[in-house]
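Source file: protein26.cif. Holds: mmCIF, N, CA and C atoms.
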```cif
data_coords
loop_
_atom_site.label_atom_id
_atom_site.label_comp_id
_atom_site.auth_asym_id
_atom_site.auth_seq_id
_atom_site.Cartn_x
_atom_site.Cartn_y
_atom_site.Cartn_z
N MET A 28 28.81 -2.23 -5.66
CA MET A 28 27.74 -1.53 -4.98
C MET A 28 27.47 -2.24 -3.65
N PRO A 29 27.44 -1.50 -2.55
CA PRO A 29 27.22 -2.13 -1.24
C PRO A 29 25.79 -2.62 -1.10
N TYR A 30 25.65 -3.63 -0.27
CA TYR A 30 24.33 -4.19 0.03
C TYR A 30 23.61 -3.27 0.99
N ILE A 31 22.38 -2.95 0.69
CA ILE A 31 21.57 -2.07 1.54
C ILE A 31 20.38 -2.86 2.05
N ASP A 32 20.27 -2.92 3.37
CA ASP A 32 19.13 -3.60 3.98
C ASP A 32 17.90 -2.74 3.82
N LYS A 33 16.84 -3.36 3.33
CA LYS A 33 15.55 -2.67 3.28
C LYS A 33 14.73 -3.13 4.47
N PRO A 34 13.98 -2.23 5.06
CA PRO A 34 13.13 -2.69 6.17
C PRO A 34 12.09 -3.69 5.66
N LEU A 35 11.95 -4.76 6.38
CA LEU A 35 10.99 -5.79 5.99
C LEU A 35 9.57 -5.33 6.30
N GLU A 36 8.72 -5.52 5.35
CA GLU A 36 7.32 -5.18 5.54
C GLU A 36 6.52 -6.48 5.55
N LYS A 37 5.69 -6.61 6.53
CA LYS A 37 4.89 -7.82 6.63
C LYS A 37 3.87 -7.88 5.50
N LEU A 38 3.52 -9.08 5.10
CA LEU A 38 2.48 -9.25 4.09
C LEU A 38 1.10 -9.03 4.69
N TYR A 39 0.90 -9.55 5.89
CA TYR A 39 -0.41 -9.43 6.54
C TYR A 39 -0.24 -9.05 8.00
N TYR A 40 -1.19 -8.26 8.48
CA TYR A 40 -1.23 -7.83 9.87
C TYR A 40 -2.51 -8.34 10.51
N THR A 41 -2.40 -8.78 11.76
CA THR A 41 -3.60 -9.21 12.49
C THR A 41 -4.37 -7.98 12.95
N ILE A 42 -5.58 -8.21 13.39
CA ILE A 42 -6.41 -7.10 13.85
C ILE A 42 -5.78 -6.43 15.08
N GLY A 43 -5.14 -7.21 15.92
CA GLY A 43 -4.46 -6.66 17.09
C GLY A 43 -3.28 -5.78 16.71
N GLU A 44 -2.53 -6.19 15.70
CA GLU A 44 -1.40 -5.38 15.24
C GLU A 44 -1.87 -4.07 14.63
N VAL A 45 -2.95 -4.13 13.86
CA VAL A 45 -3.50 -2.90 13.26
C VAL A 45 -3.99 -1.98 14.37
N ALA A 46 -4.66 -2.53 15.37
CA ALA A 46 -5.15 -1.72 16.48
C ALA A 46 -3.98 -1.06 17.21
N GLU A 47 -2.89 -1.79 17.39
CA GLU A 47 -1.72 -1.23 18.06
C GLU A 47 -1.08 -0.12 17.22
N ILE A 48 -1.01 -0.31 15.92
CA ILE A 48 -0.45 0.71 15.03
C ILE A 48 -1.26 2.00 15.13
N LEU A 49 -2.59 1.86 15.16
CA LEU A 49 -3.47 3.03 15.20
C LEU A 49 -3.65 3.58 16.61
N GLY A 50 -3.33 2.78 17.61
CA GLY A 50 -3.56 3.20 18.98
C GLY A 50 -5.03 3.17 19.35
N GLU A 51 -5.77 2.29 18.75
CA GLU A 51 -7.21 2.16 18.98
C GLU A 51 -7.54 0.73 19.41
N SER A 52 -8.79 0.48 19.68
CA SER A 52 -9.23 -0.84 20.11
C SER A 52 -9.48 -1.74 18.90
N THR A 53 -9.43 -3.04 19.14
CA THR A 53 -9.69 -3.99 18.05
C THR A 53 -11.14 -3.90 17.59
N SER A 54 -12.04 -3.57 18.50
CA SER A 54 -13.45 -3.46 18.09
C SER A 54 -13.65 -2.30 17.12
N LEU A 55 -12.92 -1.20 17.31
CA LEU A 55 -13.02 -0.08 16.37
C LEU A 55 -12.43 -0.48 15.02
N VAL A 56 -11.32 -1.20 15.02
CA VAL A 56 -10.72 -1.65 13.76
C VAL A 56 -11.71 -2.56 13.02
N ARG A 57 -12.34 -3.47 13.74
CA ARG A 57 -13.33 -4.37 13.15
C ARG A 57 -14.51 -3.57 12.60
N PHE A 58 -14.97 -2.58 13.35
CA PHE A 58 -16.09 -1.73 12.91
C PHE A 58 -15.73 -0.98 11.64
N TRP A 59 -14.53 -0.39 11.59
CA TRP A 59 -14.10 0.33 10.39
C TRP A 59 -13.96 -0.61 9.21
N ALA A 60 -13.46 -1.82 9.46
CA ALA A 60 -13.31 -2.79 8.38
C ALA A 60 -14.68 -3.12 7.78
N ASN A 61 -15.69 -3.22 8.63
CA ASN A 61 -17.04 -3.50 8.15
C ASN A 61 -17.69 -2.26 7.51
N SER A 62 -17.31 -1.07 7.98
CA SER A 62 -17.91 0.16 7.48
C SER A 62 -17.31 0.63 6.15
N PHE A 63 -16.10 0.17 5.83
CA PHE A 63 -15.41 0.60 4.61
C PHE A 63 -15.04 -0.61 3.74
N PRO A 64 -16.04 -1.38 3.29
CA PRO A 64 -15.73 -2.60 2.53
C PRO A 64 -15.09 -2.32 1.17
N ASP A 65 -15.26 -1.11 0.62
CA ASP A 65 -14.64 -0.79 -0.66
C ASP A 65 -13.14 -0.56 -0.53
N PHE A 66 -12.67 -0.24 0.68
CA PHE A 66 -11.27 0.11 0.88
C PHE A 66 -10.51 -0.87 1.76
N ILE A 67 -11.21 -1.57 2.63
CA ILE A 67 -10.59 -2.54 3.53
C ILE A 67 -11.11 -3.91 3.14
N LYS A 68 -10.22 -4.75 2.63
CA LYS A 68 -10.61 -6.09 2.19
C LYS A 68 -9.71 -7.13 2.86
N PRO A 69 -10.03 -7.47 4.09
CA PRO A 69 -9.16 -8.41 4.80
C PRO A 69 -9.27 -9.83 4.24
N ALA A 70 -8.12 -10.50 4.24
CA ALA A 70 -8.12 -11.93 3.93
C ALA A 70 -8.46 -12.66 5.22
N ARG A 71 -8.77 -13.91 5.11
CA ARG A 71 -9.07 -14.70 6.31
C ARG A 71 -8.19 -15.93 6.32
N ASN A 72 -7.72 -16.29 7.53
CA ASN A 72 -6.96 -17.53 7.64
C ASN A 72 -7.92 -18.69 7.87
N LYS A 73 -7.38 -19.89 8.07
CA LYS A 73 -8.24 -21.07 8.23
C LYS A 73 -9.16 -20.97 9.44
N LYS A 74 -8.74 -20.24 10.46
CA LYS A 74 -9.56 -20.07 11.65
C LYS A 74 -10.61 -18.98 11.47
N GLY A 75 -10.53 -18.23 10.37
CA GLY A 75 -11.49 -17.16 10.12
C GLY A 75 -11.05 -15.80 10.63
N ASN A 76 -9.82 -15.70 11.13
CA ASN A 76 -9.32 -14.42 11.62
C ASN A 76 -9.00 -13.49 10.45
N ARG A 77 -9.26 -12.22 10.65
CA ARG A 77 -8.97 -11.23 9.61
C ARG A 77 -7.46 -10.99 9.52
N LEU A 78 -6.97 -10.90 8.29
CA LEU A 78 -5.58 -10.57 8.05
C LEU A 78 -5.57 -9.40 7.07
N PHE A 79 -4.96 -8.29 7.49
CA PHE A 79 -4.98 -7.06 6.70
C PHE A 79 -3.67 -6.86 5.97
N SER A 80 -3.75 -6.46 4.71
CA SER A 80 -2.55 -6.19 3.91
C SER A 80 -1.97 -4.83 4.28
N ALA A 81 -0.78 -4.54 3.75
CA ALA A 81 -0.16 -3.24 3.98
C ALA A 81 -1.03 -2.13 3.40
N GLN A 82 -1.69 -2.39 2.29
CA GLN A 82 -2.59 -1.40 1.70
C GLN A 82 -3.78 -1.14 2.62
N ASP A 83 -4.30 -2.21 3.23
CA ASP A 83 -5.39 -2.05 4.20
C ASP A 83 -4.94 -1.18 5.37
N VAL A 84 -3.73 -1.43 5.87
CA VAL A 84 -3.22 -0.64 7.00
C VAL A 84 -3.09 0.83 6.59
N SER A 85 -2.61 1.06 5.38
CA SER A 85 -2.50 2.43 4.87
C SER A 85 -3.89 3.08 4.80
N ASN A 86 -4.89 2.33 4.35
CA ASN A 86 -6.25 2.86 4.31
C ASN A 86 -6.79 3.12 5.71
N PHE A 87 -6.46 2.24 6.66
CA PHE A 87 -6.88 2.47 8.05
C PHE A 87 -6.29 3.78 8.57
N LYS A 88 -5.03 4.05 8.24
CA LYS A 88 -4.40 5.30 8.69
C LYS A 88 -5.10 6.50 8.07
N LEU A 89 -5.49 6.38 6.82
CA LEU A 89 -6.21 7.46 6.16
C LEU A 89 -7.58 7.66 6.80
N ILE A 90 -8.27 6.57 7.08
CA ILE A 90 -9.57 6.64 7.76
C ILE A 90 -9.41 7.29 9.13
N TYR A 91 -8.38 6.88 9.86
CA TYR A 91 -8.11 7.45 11.18
C TYR A 91 -7.93 8.96 11.08
N GLY A 92 -7.14 9.39 10.10
CA GLY A 92 -6.90 10.82 9.92
C GLY A 92 -8.17 11.59 9.61
N LEU A 93 -9.01 11.00 8.76
CA LEU A 93 -10.24 11.69 8.38
C LEU A 93 -11.26 11.72 9.51
N VAL A 94 -11.43 10.59 10.19
CA VAL A 94 -12.48 10.47 11.21
C VAL A 94 -12.04 11.05 12.55
N LYS A 95 -10.89 10.62 13.03
CA LYS A 95 -10.46 11.01 14.38
C LYS A 95 -9.82 12.40 14.42
N GLU A 96 -8.99 12.70 13.42
CA GLU A 96 -8.26 13.97 13.47
C GLU A 96 -9.04 15.12 12.84
N ARG A 97 -9.75 14.85 11.75
CA ARG A 97 -10.50 15.92 11.09
C ARG A 97 -11.96 15.97 11.52
N GLY A 98 -12.42 14.93 12.22
CA GLY A 98 -13.79 14.92 12.73
C GLY A 98 -14.86 14.65 11.70
N MET A 99 -14.51 13.99 10.62
CA MET A 99 -15.50 13.69 9.59
C MET A 99 -16.37 12.52 10.02
N THR A 100 -17.56 12.44 9.46
CA THR A 100 -18.43 11.29 9.69
C THR A 100 -17.90 10.13 8.86
N LEU A 101 -18.39 8.93 9.15
CA LEU A 101 -17.96 7.76 8.38
C LEU A 101 -18.38 7.89 6.92
N GLU A 102 -19.59 8.41 6.69
CA GLU A 102 -20.06 8.59 5.32
C GLU A 102 -19.22 9.63 4.59
N GLY A 103 -18.88 10.71 5.28
CA GLY A 103 -18.05 11.75 4.68
C GLY A 103 -16.65 11.24 4.36
N ALA A 104 -16.09 10.45 5.27
CA ALA A 104 -14.76 9.89 5.04
C ALA A 104 -14.79 8.92 3.86
N ALA A 105 -15.84 8.10 3.78
CA ALA A 105 -15.96 7.15 2.66
C ALA A 105 -16.10 7.91 1.34
N ARG A 106 -16.89 8.97 1.34
CA ARG A 106 -17.06 9.77 0.13
C ARG A 106 -15.74 10.42 -0.28
N ARG A 107 -15.03 10.95 0.70
CA ARG A 107 -13.74 11.60 0.44
C ARG A 107 -12.75 10.60 -0.15
N MET A 108 -12.72 9.40 0.41
CA MET A 108 -11.80 8.37 -0.10
C MET A 108 -12.22 7.92 -1.50
N ARG A 109 -13.51 7.80 -1.74
CA ARG A 109 -14.01 7.39 -3.05
C ARG A 109 -13.69 8.44 -4.12
N ASP A 110 -13.83 9.71 -3.75
CA ASP A 110 -13.55 10.80 -4.69
C ASP A 110 -12.07 10.96 -4.96
N ASN A 111 -11.24 10.41 -4.10
CA ASN A 111 -9.80 10.61 -4.20
C ASN A 111 -9.08 9.27 -4.39
N LEU A 112 -9.48 8.51 -5.36
CA LEU A 112 -8.89 7.19 -5.59
C LEU A 112 -7.46 7.26 -6.10
N THR A 113 -7.03 8.40 -6.63
CA THR A 113 -5.67 8.52 -7.14
C THR A 113 -4.64 8.61 -6.03
N GLY A 114 -5.06 8.88 -4.81
CA GLY A 114 -4.14 8.92 -3.67
C GLY A 114 -3.49 10.27 -3.45
N GLU A 115 -4.05 11.32 -4.01
CA GLU A 115 -3.46 12.63 -3.83
C GLU A 115 -3.62 13.14 -2.40
N ASP A 116 -4.61 12.67 -1.70
CA ASP A 116 -4.89 13.15 -0.35
C ASP A 116 -4.28 12.20 0.68
N ARG A 117 -2.99 12.08 0.66
CA ARG A 117 -2.29 11.21 1.60
C ARG A 117 -1.51 12.03 2.61
N LYS A 118 -2.15 13.09 3.10
CA LYS A 118 -1.50 13.97 4.06
C LYS A 118 -1.10 13.22 5.32
N ALA A 119 -1.90 12.24 5.71
CA ALA A 119 -1.61 11.48 6.92
C ALA A 119 -0.27 10.77 6.80
N GLU A 120 0.01 10.21 5.63
CA GLU A 120 1.30 9.54 5.42
C GLU A 120 2.44 10.53 5.50
N VAL A 121 2.27 11.67 4.87
CA VAL A 121 3.32 12.69 4.86
C VAL A 121 3.58 13.18 6.28
N ILE A 122 2.52 13.41 7.03
CA ILE A 122 2.66 13.88 8.41
C ILE A 122 3.37 12.83 9.25
N ALA A 123 3.03 11.57 9.07
CA ALA A 123 3.68 10.50 9.83
C ALA A 123 5.17 10.43 9.50
N ARG A 124 5.52 10.56 8.22
CA ARG A 124 6.93 10.54 7.84
C ARG A 124 7.68 11.74 8.41
N LEU A 125 7.06 12.90 8.34
CA LEU A 125 7.70 14.10 8.89
C LEU A 125 7.88 13.99 10.40
N ASN A 126 6.91 13.42 11.10
CA ASN A 126 7.06 13.23 12.54
C ASN A 126 8.18 12.25 12.86
N ALA A 127 8.33 11.22 12.05
CA ALA A 127 9.43 10.26 12.26
C ALA A 127 10.77 10.95 12.06
N ILE A 128 10.87 11.80 11.04
CA ILE A 128 12.11 12.54 10.79
C ILE A 128 12.39 13.50 11.95
N LYS A 129 11.35 14.18 12.42
CA LYS A 129 11.51 15.11 13.54
C LYS A 129 12.02 14.38 14.77
N ASN A 130 11.41 13.22 15.08
CA ASN A 130 11.84 12.45 16.24
C ASN A 130 13.28 12.00 16.12
N LYS A 131 13.69 11.58 14.93
CA LYS A 131 15.07 11.15 14.71
C LYS A 131 16.03 12.32 14.89
N LEU A 132 15.68 13.48 14.36
CA LEU A 132 16.53 14.66 14.52
C LEU A 132 16.63 15.09 15.98
N MET A 133 15.55 15.00 16.71
CA MET A 133 15.58 15.35 18.13
C MET A 133 16.46 14.38 18.90
N GLN A 134 16.41 13.11 18.52
CA GLN A 134 17.25 12.10 19.16
C GLN A 134 18.72 12.39 18.87
N ILE A 135 19.05 12.73 17.64
CA ILE A 135 20.43 13.05 17.27
C ILE A 135 20.90 14.29 18.03
N SER A 136 20.03 15.30 18.13
CA SER A 136 20.37 16.52 18.86
C SER A 136 20.66 16.22 20.32
N GLN A 137 19.83 15.39 20.93
CA GLN A 137 20.04 15.02 22.33
C GLN A 137 21.35 14.27 22.51
N GLU A 138 21.65 13.34 21.61
CA GLU A 138 22.92 12.60 21.68
C GLU A 138 24.10 13.54 21.51
N TYR A 139 23.98 14.52 20.64
CA TYR A 139 25.05 15.49 20.42
C TYR A 139 25.28 16.31 21.69
N LYS A 140 24.20 16.77 22.32
CA LYS A 140 24.34 17.55 23.56
C LYS A 140 25.01 16.73 24.65
N GLU A 141 24.61 15.47 24.78
CA GLU A 141 25.21 14.60 25.79
C GLU A 141 26.67 14.36 25.50
N SER A 142 27.01 14.20 24.24
CA SER A 142 28.40 14.00 23.85
C SER A 142 29.23 15.25 24.12
N ALA A 143 28.67 16.43 23.84
CA ALA A 143 29.38 17.67 24.07
C ALA A 143 29.61 17.88 25.56
N GLU A 144 28.63 17.57 26.39
CA GLU A 144 28.79 17.68 27.83
C GLU A 144 29.86 16.74 28.34
N ALA A 145 29.88 15.53 27.86
CA ALA A 145 30.88 14.55 28.28
C ALA A 145 32.29 15.02 27.88
N THR A 146 32.40 15.62 26.71
CA THR A 146 33.70 16.11 26.25
C THR A 146 34.18 17.27 27.13
N ARG A 147 33.26 18.17 27.50
CA ARG A 147 33.61 19.29 28.37
C ARG A 147 34.06 18.81 29.74
N ARG A 148 33.44 17.81 30.27
CA ARG A 148 33.81 17.28 31.58
C ARG A 148 35.18 16.65 31.55
N GLU A 149 35.54 16.04 30.43
CA GLU A 149 36.84 15.40 30.32
C GLU A 149 37.97 16.40 30.22
N GLU A 150 37.66 17.60 29.73
CA GLU A 150 38.72 18.61 29.55
C GLU A 150 39.08 19.26 30.83
#
```
Would you kindly transcribe this structure into structure tokens?
Amino acid sequence: MPYIDKPLEKLYYTIGEVAEILGESTSLVRFWANSFPDFIKPARNKKGNRLFSAQDVSNFKLIYGLVKERGMTLEGAARRMRDNLTGEDRKAEVIARLNAIKNKLMQISQEYKESAEATRREE
């Protein structure tokens, strides 16, 4: 059986990395972390900096989808997350994966067109 590389996932993300992933400011990430203590539980390093787990980042993405994209209030988003602890409402994850697939297919299509043009020029 051939060896298959799995993408490495970090154990902890800094507040700056989470902000970059979400495309938001660090102050908003800090605010959401304080507003959703049931779902975001950052660890702290010796300096006191917040370190977020992959599950925390996933929850941040869900919060982002509910608050920024659907326009829910913080209380409404917290209630929605609390009512849906089984994880059935992970549309944000599915949409992100589908967008990644779409981007990859568009990249392949563009490379194919460029290759076909180059082949025609050579003939």
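Using only N, CA and C atoms, the contacts of range 53-64 of chain A at a cut-off of 6.5 Å, with sequence neighbours closer than 6 positions omitted, comprise Ile42, Gly43 and Ala46 of chain A.
Counting only C-alpha atoms, the residue from A:Ile122, A:Ala81, A:Ala70, A:Ile48 that sits nearest to Glu36 in chain A is A:Ala81.
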Subject >> alpha helix (DSSP H) call set, DSSP backbone run, chain A, as a ChimeraX atom specification >> reply: /A:42-49,53-62,81-91,101-110,118-149
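In this structure, CA of Phe66 in chain A sits 10.1 Å away from CA of Val84 in chain A.
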Please enumerate the residues selected by the PyMOL selection byres (((chain A and resi 93-102 and name CA) around 12) and name CA) when evaluated against the supplied file, formatted as an mmCIF file with N, CA and C atoms, in the frame of the given file.
```cif
data_model
loop_
_atom_site.group_PDB
_atom_site.id
_atom_site.type_symbol
_atom_site.label_atom_id
_atom_site.label_comp_id
_atom_site.auth_asym_id
_atom_site.auth_seq_id
_atom_site.Cartn_x
_atom_site.Cartn_y
_atom_site.Cartn_z
ATOM 1 N N LEU A 49 -2.590 1.860 15.160
ATOM 2 C CA LEU A 49 -3.470 3.030 15.200
ATOM 3 C C LEU A 49 -3.650 3.580 16.610
ATOM 4 N N GLY A 50 -3.330 2.780 17.610
ATOM 5 C CA GLY A 50 -3.560 3.200 18.980
ATOM 6 C C GLY A 50 -5.030 3.170 19.350
ATOM 7 N N GLU A 51 -5.770 2.290 18.750
ATOM 8 C CA GLU A 51 -7.210 2.160 18.980
ATOM 9 C C GLU A 51 -7.540 0.730 19.410
ATOM 10 N N LEU A 55 -12.920 -1.200 17.310
ATOM 11 C CA LEU A 55 -13.020 -0.080 16.370
ATOM 12 C C LEU A 55 -12.430 -0.480 15.020
ATOM 13 N N PHE A 58 -14.970 -2.580 13.350
ATOM 14 C CA PHE A 58 -16.090 -1.730 12.910
ATOM 15 C C PHE A 58 -15.730 -0.980 11.640
ATOM 16 N N TRP A 59 -14.530 -0.390 11.590
ATOM 17 C CA TRP A 59 -14.100 0.330 10.390
ATOM 18 C C TRP A 59 -13.960 -0.610 9.210
ATOM 19 N N ALA A 60 -13.460 -1.820 9.460
ATOM 20 C CA ALA A 60 -13.310 -2.790 8.380
ATOM 21 C C ALA A 60 -14.680 -3.120 7.780
ATOM 22 N N ASN A 61 -15.690 -3.220 8.630
ATOM 23 C CA ASN A 61 -17.040 -3.500 8.150
ATOM 24 C C ASN A 61 -17.690 -2.260 7.510
ATOM 25 N N SER A 62 -17.310 -1.070 7.980
ATOM 26 C CA SER A 62 -17.910 0.160 7.480
ATOM 27 C C SER A 62 -17.310 0.630 6.150
ATOM 28 N N PHE A 63 -16.100 0.170 5.830
ATOM 29 C CA PHE A 63 -15.410 0.600 4.610
ATOM 30 C C PHE A 63 -15.040 -0.610 3.740
ATOM 31 N N ASN A 86 -4.890 2.330 4.350
ATOM 32 C CA ASN A 86 -6.250 2.860 4.310
ATOM 33 C C ASN A 86 -6.790 3.120 5.710
ATOM 34 N N PHE A 87 -6.460 2.240 6.660
ATOM 35 C CA PHE A 87 -6.880 2.470 8.050
ATOM 36 C C PHE A 87 -6.290 3.780 8.570
ATOM 37 N N LYS A 88 -5.030 4.050 8.240
ATOM 38 C CA LYS A 88 -4.400 5.300 8.690
ATOM 39 C C LYS A 88 -5.100 6.500 8.070
ATOM 40 N N LEU A 89 -5.490 6.380 6.820
ATOM 41 C CA LEU A 89 -6.210 7.460 6.160
ATOM 42 C C LEU A 89 -7.580 7.660 6.800
ATOM 43 N N ILE A 90 -8.270 6.570 7.080
ATOM 44 C CA ILE A 90 -9.570 6.640 7.760
ATOM 45 C C ILE A 90 -9.410 7.290 9.130
ATOM 46 N N TYR A 91 -8.380 6.880 9.860
ATOM 47 C CA TYR A 91 -8.110 7.450 11.180
ATOM 48 C C TYR A 91 -7.930 8.960 11.080
ATOM 49 N N GLY A 92 -7.140 9.390 10.100
ATOM 50 C CA GLY A 92 -6.900 10.820 9.920
ATOM 51 C C GLY A 92 -8.170 11.590 9.610
ATOM 52 N N GLY A 103 -18.880 10.710 5.280
ATOM 53 C CA GLY A 103 -18.050 11.750 4.680
ATOM 54 C C GLY A 103 -16.650 11.240 4.360
ATOM 55 N N ALA A 104 -16.090 10.450 5.270
ATOM 56 C CA ALA A 104 -14.760 9.890 5.040
ATOM 57 C C ALA A 104 -14.790 8.920 3.860
ATOM 58 N N ALA A 105 -15.840 8.100 3.780
ATOM 59 C CA ALA A 105 -15.960 7.150 2.660
ATOM 60 C C ALA A 105 -16.100 7.910 1.340
ATOM 61 N N ARG A 106 -16.890 8.970 1.340
ATOM 62 C CA ARG A 106 -17.060 9.770 0.130
ATOM 63 C C ARG A 106 -15.740 10.420 -0.280
ATOM 64 N N ARG A 107 -15.030 10.950 0.700
ATOM 65 C CA ARG A 107 -13.740 11.600 0.440
ATOM 66 C C ARG A 107 -12.750 10.600 -0.150
ATOM 67 N N MET A 108 -12.720 9.400 0.410
ATOM 68 C CA MET A 108 -11.800 8.370 -0.100
ATOM 69 C C MET A 108 -12.220 7.920 -1.500
ATOM 70 N N ARG A 109 -13.510 7.800 -1.740
ATOM 71 C CA ARG A 109 -14.010 7.390 -3.050
ATOM 72 C C ARG A 109 -13.690 8.440 -4.120
ATOM 73 N N ASP A 116 -4.610 12.670 -1.700
ATOM 74 C CA ASP A 116 -4.890 13.150 -0.350
ATOM 75 C C ASP A 116 -4.280 12.200 0.680
ATOM 76 N N ARG A 117 -2.990 12.080 0.660
ATOM 77 C CA ARG A 117 -2.290 11.210 1.600
ATOM 78 C C ARG A 117 -1.510 12.030 2.610
ATOM 79 N N LYS A 118 -2.150 13.090 3.100
ATOM 80 C CA LYS A 118 -1.500 13.970 4.060
ATOM 81 C C LYS A 118 -1.100 13.220 5.320
ATOM 82 N N ALA A 119 -1.900 12.240 5.710
ATOM 83 C CA ALA A 119 -1.610 11.480 6.920
ATOM 84 C C ALA A 119 -0.270 10.770 6.800
#
```
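With atom C of Gln82 in chain A on one side and CA of Glu47 in chain A on the other, the separation reads 15.6 Å.
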**OP:** Check the smallest atom-to-atom distance from each of A:Lys37, A:Lys140, A:Lys129, A:Arg124 to Phe79 in chain A using only N, CA and C atoms, then report the winner.
**Re:** A:Lys37
**OP:** Rounded to one decimal place, report the atom C of Leu38 in chain A-atom N of Leu78 in chain A distance in Å.
**Re:** 9.0 Å
Original post:
With only C-alpha atoms as the basis for distance, which of A:Arg71, A:Tyr139, A:Asp83, A:Glu149 is at the shortest distance from Val45 in chain A?
Top reply: A:Asp83
